[in-house]
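Contents: one structure, followed by commentary.
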Amino acid sequence: MTFKEAILNRKEWGRIFESAIGAHIVSNAFTGNYEVFYWREKDKEVDYILKKKNRIVAIEVKSNSEKYNAGLEEVRKMYHPYATFVVGEGGMKTEQFLSINPVRLFE
């Protein structure tokens with residue numbers, strides 16, 4: 001699949017986009033001294049849960065303009081995370097997220 005074909009295929013682009021954000025998160029986890037998890041309960045999920053000491057940060061990746069995510073809402077209720085983010089068109093801009101070290105999300 002070419003890059004142009006991938007962009008036009010919403011499902012495929014979503015996978016690529018989510019993987020790119022995940023690669024950035026995971027590549028900084030060791031030096032940032034945080035753990036990375038995926039959370040799912042029944043039909044609700046959150047793409048990335050970051051944990052550093054007693055702080056949790058939940059991140060949902062959206063390749064479209066959708067902002068709401070039932071999984072983030074459930075994580076907020078159950079775990080009271082330090083912060084929650086949507087990364088993508090409906091939230092924090094991709095360029096902004098990729099320009100920071102994710103460990104800064106715990107500050």
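By order in the structure tokens, chains are A, B, ...; within a chain, residues start at 1; ligands start at 1, following the order shown.
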
request  = Return as a VMD selection string the full set of residues in chain A whose backbone-based DSSP assignment is helix (DSSP H, G or I).
outcome  = chain A and resid 3 to 8 10 to 32 70 to 79 94 to 98 102 to 106

Members of chain A assigned strand (DSSP E or B) by DSSP, as a count of residues only = 31

Find the residues around segment 16-24 of chain A up to 10 Å (only C-alpha atoms counted), leave out those fewer than 4 positions away in its own chain, and share them as a compact mmCIF listing (two decimals) with N, CA, C and O atoms, in the first residue's frame.
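result21.txt written:
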# COMPACT_ATOMS: atom_id res chain seq x y z
N ALA A 6 -2.81 4.63 1.88
CA ALA A 6 -3.01 4.48 3.32
C ALA A 6 -3.80 5.65 3.90
O ALA A 6 -4.70 5.45 4.71
N ILE A 7 -3.48 6.85 3.48
CA ILE A 7 -4.19 8.03 3.97
C ILE A 7 -5.66 7.98 3.58
O ILE A 7 -6.53 8.36 4.36
N ARG A 10 -9.36 5.04 5.69
CA ARG A 10 -9.50 5.56 7.06
C ARG A 10 -9.10 4.53 8.12
O ARG A 10 -8.44 4.86 9.10
N LYS A 11 -9.50 3.29 7.93
CA LYS A 11 -9.19 2.26 8.93
C LYS A 11 -7.68 2.01 8.99
O LYS A 11 -7.10 1.94 10.07
N GLU A 12 -7.06 1.87 7.83
CA GLU A 12 -5.62 1.63 7.78
C GLU A 12 -4.85 2.83 8.32
O GLU A 12 -3.89 2.68 9.08
N ASN A 28 10.18 6.61 24.59
CA ASN A 28 10.61 7.48 25.69
C ASN A 28 10.35 6.88 27.07
O ASN A 28 10.72 7.47 28.08
N ALA A 29 9.72 5.72 27.13
CA ALA A 29 9.32 5.14 28.41
C ALA A 29 10.50 4.77 29.30
O ALA A 29 10.46 5.01 30.52
N VAL A 36 3.95 1.62 30.23
CA VAL A 36 2.91 1.84 29.22
C VAL A 36 2.00 0.62 29.18
O VAL A 36 2.46 -0.51 29.11
N ASP A 47 -6.28 3.73 24.38
CA ASP A 47 -5.11 3.28 23.63
C ASP A 47 -3.84 3.16 24.48
O ASP A 47 -3.13 2.17 24.39
N TYR A 48 -3.57 4.17 25.31
CA TYR A 48 -2.33 4.15 26.09
C TYR A 48 -2.58 4.65 27.50
O TYR A 48 -3.14 5.72 27.70
N ILE A 59 -4.27 8.23 27.45
CA ILE A 59 -4.18 8.86 26.13
C ILE A 59 -4.99 8.06 25.12
O ILE A 59 -4.77 6.86 24.95
N GLU A 60 -5.90 8.73 24.47
CA GLU A 60 -6.68 8.15 23.37
C GLU A 60 -6.22 8.82 22.08
O GLU A 60 -6.12 10.05 22.01
N VAL A 61 -5.94 8.02 21.08
CA VAL A 61 -5.46 8.53 19.79
C VAL A 61 -6.62 8.50 18.80
O VAL A 61 -7.28 7.48 18.64
N LYS A 62 -6.84 9.65 18.15
CA LYS A 62 -7.92 9.77 17.18
C LYS A 62 -7.37 10.32 15.87
O LYS A 62 -6.82 11.41 15.84
N SER A 63 -7.54 9.57 14.79
CA SER A 63 -7.09 10.04 13.49
C SER A 63 -8.18 10.84 12.78
O SER A 63 -7.98 11.34 11.69
N VAL A 87 -5.19 12.67 21.49
CA VAL A 87 -4.15 13.11 20.58
C VAL A 87 -4.66 12.92 19.16
O VAL A 87 -5.09 11.83 18.79
N GLY A 88 -4.62 13.98 18.38
CA GLY A 88 -5.10 13.94 17.00
C GLY A 88 -5.96 15.15 16.70
O GLY A 88 -5.99 16.12 17.47
N THR A 94 -1.13 16.64 16.69
CA THR A 94 -0.12 15.59 16.55
C THR A 94 1.29 16.15 16.65
O THR A 94 2.14 15.61 17.36
N PHE A 97 2.18 16.97 20.21
CA PHE A 97 2.45 15.78 21.02
C PHE A 97 3.81 15.18 20.68
O PHE A 97 4.57 14.81 21.57
N LEU A 98 4.12 15.08 19.40
CA LEU A 98 5.38 14.46 18.98
C LEU A 98 6.59 15.34 19.29
O LEU A 98 7.72 14.85 19.27
N SER A 99 6.36 16.62 19.59
CA SER A 99 7.48 17.51 19.89
C SER A 99 7.88 17.49 21.37
O SER A 99 8.88 18.09 21.75
N ILE A 100 7.08 16.81 22.20
CA ILE A 100 7.41 16.75 23.63
C ILE A 100 7.80 15.34 24.04
O ILE A 100 7.43 14.37 23.39
N ASN A 101 8.53 15.25 25.12
CA ASN A 101 8.81 13.95 25.72
C ASN A 101 7.58 13.63 26.58
O ASN A 101 7.21 14.44 27.44
N PRO A 102 6.93 12.50 26.37
CA PRO A 102 5.72 12.17 27.13
C PRO A 102 5.88 12.21 28.64
O PRO A 102 4.89 12.36 29.35

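Taking atom CA of Asn54 of chain A and atom CA of Gly71 of chain A as endpoints, the distance between them is 20.5 Å.
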
Extract, using only C-alpha atoms, all DNA, RNA and protein residues at most 12 Å from Glu73 of chain A, discarding same-chain residues fewer than 6 positions from it, and format them as a PDB file with all heavy atoms, in the first residue's frame.
ATOM      1  N   LYS A  44     -15.270  -0.809  25.991  1.00  0.00           N
ATOM      2  CA  LYS A  44     -14.587   0.467  26.213  1.00  0.00           C
ATOM      3  C   LYS A  44     -13.085   0.233  26.270  1.00  0.00           C
ATOM      4  O   LYS A  44     -12.627  -0.720  26.892  1.00  0.00           O
ATOM      5  CB  LYS A  44     -15.087   1.119  27.504  1.00  0.00           C
ATOM      6  CG  LYS A  44     -16.557   1.465  27.431  1.00  0.00           C
ATOM      7  CD  LYS A  44     -17.059   1.987  28.732  1.00  0.00           C
ATOM      8  CE  LYS A  44     -18.562   2.236  28.602  1.00  0.00           C
ATOM      9  NZ  LYS A  44     -19.184   2.431  29.881  1.00  0.00           N
ATOM     10  N   GLU A  45     -12.326   1.125  25.619  1.00  0.00           N
ATOM     11  CA  GLU A  45     -10.881   0.970  25.614  1.00  0.00           C
ATOM     12  C   GLU A  45     -10.199   2.323  25.582  1.00  0.00           C
ATOM     13  O   GLU A  45     -10.790   3.318  25.200  1.00  0.00           O
ATOM     14  CB  GLU A  45     -10.427   0.103  24.427  1.00  0.00           C
ATOM     15  CG  GLU A  45     -10.836   0.610  23.066  1.00  0.00           C
ATOM     16  CD  GLU A  45      -9.785   1.451  22.385  1.00  0.00           C
ATOM     17  OE1 GLU A  45      -8.601   1.350  22.725  1.00  0.00           O
ATOM     18  OE2 GLU A  45     -10.163   2.233  21.506  1.00  0.00           O
ATOM     19  N   VAL A  46      -8.953   2.323  26.031  1.00  0.00           N
ATOM     20  CA  VAL A  46      -8.082   3.494  25.956  1.00  0.00           C
ATOM     21  C   VAL A  46      -6.774   3.001  25.371  1.00  0.00           C
ATOM     22  O   VAL A  46      -6.219   1.997  25.809  1.00  0.00           O
ATOM     23  CB  VAL A  46      -7.870   4.144  27.346  1.00  0.00           C
ATOM     24  CG1 VAL A  46      -6.839   5.250  27.276  1.00  0.00           C
ATOM     25  CG2 VAL A  46      -9.192   4.680  27.884  1.00  0.00           C
ATOM     26  N   ALA A  58      -3.863   8.947  30.862  1.00  0.00           N
ATOM     27  CA  ALA A  58      -4.586   8.169  29.849  1.00  0.00           C
ATOM     28  C   ALA A  58      -4.583   8.934  28.535  1.00  0.00           C
ATOM     29  O   ALA A  58      -4.870  10.136  28.507  1.00  0.00           O
ATOM     30  CB  ALA A  58      -6.017   7.915  30.313  1.00  0.00           C
ATOM     31  N   ILE A  59      -4.268   8.227  27.447  1.00  0.00           N
ATOM     32  CA  ILE A  59      -4.181   8.856  26.131  1.00  0.00           C
ATOM     33  C   ILE A  59      -4.993   8.061  25.123  1.00  0.00           C
ATOM     34  O   ILE A  59      -4.774   6.862  24.945  1.00  0.00           O
ATOM     35  CB  ILE A  59      -2.719   8.937  25.648  1.00  0.00           C
ATOM     36  CG1 ILE A  59      -1.885   9.759  26.634  1.00  0.00           C
ATOM     37  CG2 ILE A  59      -2.645   9.521  24.242  1.00  0.00           C
ATOM     38  CD1 ILE A  59      -0.402   9.745  26.351  1.00  0.00           C
ATOM     39  N   GLU A  60      -5.903   8.734  24.470  1.00  0.00           N
ATOM     40  CA  GLU A  60      -6.677   8.146  23.371  1.00  0.00           C
ATOM     41  C   GLU A  60      -6.224   8.817  22.081  1.00  0.00           C
ATOM     42  O   GLU A  60      -6.121  10.047  22.006  1.00  0.00           O
ATOM     43  CB  GLU A  60      -8.178   8.366  23.597  1.00  0.00           C
ATOM     44  CG  GLU A  60      -9.046   7.798  22.517  1.00  0.00           C
ATOM     45  CD  GLU A  60      -8.957   6.279  22.381  1.00  0.00           C
ATOM     46  OE1 GLU A  60      -8.582   5.580  23.338  1.00  0.00           O
ATOM     47  OE2 GLU A  60      -9.279   5.787  21.288  1.00  0.00           O
ATOM     48  N   LYS A  67     -13.788  13.756  19.422  1.00  0.00           N
ATOM     49  CA  LYS A  67     -13.150  14.070  20.706  1.00  0.00           C
ATOM     50  C   LYS A  67     -13.583  13.131  21.815  1.00  0.00           C
ATOM     51  O   LYS A  67     -12.813  12.824  22.702  1.00  0.00           O
ATOM     52  CB  LYS A  67     -13.489  15.493  21.134  1.00  0.00           C
ATOM     53  CG  LYS A  67     -12.847  16.556  20.322  1.00  0.00           C
ATOM     54  CD  LYS A  67     -13.201  17.917  20.870  1.00  0.00           C
ATOM     55  CE  LYS A  67     -12.662  19.012  19.987  1.00  0.00           C
ATOM     56  NZ  LYS A  67     -12.998  20.323  20.473  1.00  0.00           N
ATOM     57  N   TYR A  79     -10.364   5.356  37.864  1.00  0.00           N
ATOM     58  CA  TYR A  79      -8.981   5.479  38.331  1.00  0.00           C
ATOM     59  C   TYR A  79      -8.543   6.899  38.668  1.00  0.00           C
ATOM     60  O   TYR A  79      -7.451   7.086  39.187  1.00  0.00           O
ATOM     61  CB  TYR A  79      -8.022   4.879  37.292  1.00  0.00           C
ATOM     62  CG  TYR A  79      -8.329   3.442  36.998  1.00  0.00           C
ATOM     63  CD1 TYR A  79      -8.966   3.074  35.815  1.00  0.00           C
ATOM     64  CD2 TYR A  79      -8.009   2.441  37.912  1.00  0.00           C
ATOM     65  CE1 TYR A  79      -9.273   1.743  35.553  1.00  0.00           C
ATOM     66  CE2 TYR A  79      -8.301   1.112  37.650  1.00  0.00           C
ATOM     67  CZ  TYR A  79      -8.932   0.776  36.470  1.00  0.00           C
ATOM     68  OH  TYR A  79      -9.227  -0.539  36.217  1.00  0.00           O
ATOM     69  N   HIS A  80      -9.354   7.881  38.343  1.00  0.00           N
ATOM     70  CA  HIS A  80      -9.030   9.283  38.636  1.00  0.00           C
ATOM     71  C   HIS A  80      -7.599   9.625  38.200  1.00  0.00           C
ATOM     72  O   HIS A  80      -6.757   9.970  39.036  1.00  0.00           O
ATOM     73  CB  HIS A  80      -9.236   9.591  40.118  1.00  0.00           C
ATOM     74  CG  HIS A  80     -10.568   9.153  40.619  1.00  0.00           C
ATOM     75  ND1 HIS A  80     -11.741   9.813  40.298  1.00  0.00           N
ATOM     76  CD2 HIS A  80     -10.946   8.101  41.378  1.00  0.00           C
ATOM     77  CE1 HIS A  80     -12.757   9.205  40.852  1.00  0.00           C
ATOM     78  NE2 HIS A  80     -12.310   8.148  41.513  1.00  0.00           N
ATOM     79  N   PRO A  81      -7.323   9.506  36.905  1.00  0.00           N
ATOM     80  CA  PRO A  81      -5.962   9.748  36.431  1.00  0.00           C
ATOM     81  C   PRO A  81      -5.514  11.190  36.655  1.00  0.00           C
ATOM     82  O   PRO A  81      -6.341  12.104  36.761  1.00  0.00           O
ATOM     83  CB  PRO A  81      -6.047   9.430  34.939  1.00  0.00           C
ATOM     84  CG  PRO A  81      -7.473   9.604  34.591  1.00  0.00           C
ATOM     85  CD  PRO A  81      -8.246   9.242  35.815  1.00  0.00           C
ATOM     86  N   ALA A  83      -4.055  12.949  34.447  1.00  0.00           N
ATOM     87  CA  ALA A  83      -4.430  13.680  33.237  1.00  0.00           C
ATOM     88  C   ALA A  83      -4.963  12.707  32.194  1.00  0.00           C
ATOM     89  O   ALA A  83      -4.623  11.525  32.208  1.00  0.00           O
ATOM     90  CB  ALA A  83      -3.223  14.422  32.677  1.00  0.00           C
ATOM     91  N   THR A  84      -5.804  13.228  31.305  1.00  0.00           N
ATOM     92  CA  THR A  84      -6.273  12.462  30.152  1.00  0.00           C
ATOM     93  C   THR A  84      -6.125  13.337  28.916  1.00  0.00           C
ATOM     94  O   THR A  84      -6.299  14.559  28.989  1.00  0.00           O
ATOM     95  CB  THR A  84      -7.744  12.021  30.295  1.00  0.00           C
ATOM     96  OG1 THR A  84      -8.578  13.170  30.418  1.00  0.00           O
ATOM     97  CG2 THR A  84      -7.942  11.108  31.489  1.00  0.00           C
ATOM     98  N   PHE A  85      -5.804  12.699  27.806  1.00  0.00           N
ATOM     99  CA  PHE A  85      -5.587  13.433  26.560  1.00  0.00           C
ATOM    100  C   PHE A  85      -6.192  12.684  25.388  1.00  0.00           C
ATOM    101  O   PHE A  85      -6.169  11.454  25.347  1.00  0.00           O
ATOM    102  CB  PHE A  85      -4.084  13.576  26.260  1.00  0.00           C
ATOM    103  CG  PHE A  85      -3.330  14.398  27.262  1.00  0.00           C
ATOM    104  CD1 PHE A  85      -2.699  13.784  28.333  1.00  0.00           C
ATOM    105  CD2 PHE A  85      -3.250  15.770  27.142  1.00  0.00           C
ATOM    106  CE1 PHE A  85      -2.002  14.526  29.269  1.00  0.00           C
ATOM    107  CE2 PHE A  85      -2.561  16.525  28.065  1.00  0.00           C
ATOM    108  CZ  PHE A  85      -1.925  15.901  29.129  1.00  0.00           C
ATOM    109  N   VAL A  86      -6.670  13.450  24.439  1.00  0.00           N
ATOM    110  CA  VAL A  86      -6.970  12.939  23.105  1.00  0.00           C
ATOM    111  C   VAL A  86      -5.874  13.514  22.225  1.00  0.00           C
ATOM    112  O   VAL A  86      -5.632  14.723  22.238  1.00  0.00           O
ATOM    113  CB  VAL A  86      -8.360  13.387  22.605  1.00  0.00           C
ATOM    114  CG1 VAL A  86      -8.563  12.997  21.152  1.00  0.00           C
ATOM    115  CG2 VAL A  86      -9.455  12.796  23.477  1.00  0.00           C
TER     116      VAL A  86
END

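Closest approach to Ile25 of chain A among A:Lys4, A:Arg76, A:Lys51, A:Arg40: A:Lys51, based on only C-alpha atoms.
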
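Residue nearest Phe106 of chain A within the list A:Lys42, A:Lys93, A:Gly32, A:Trp13: A:Gly32 [criterion: smallest interatomic distance, only C-alpha atoms].
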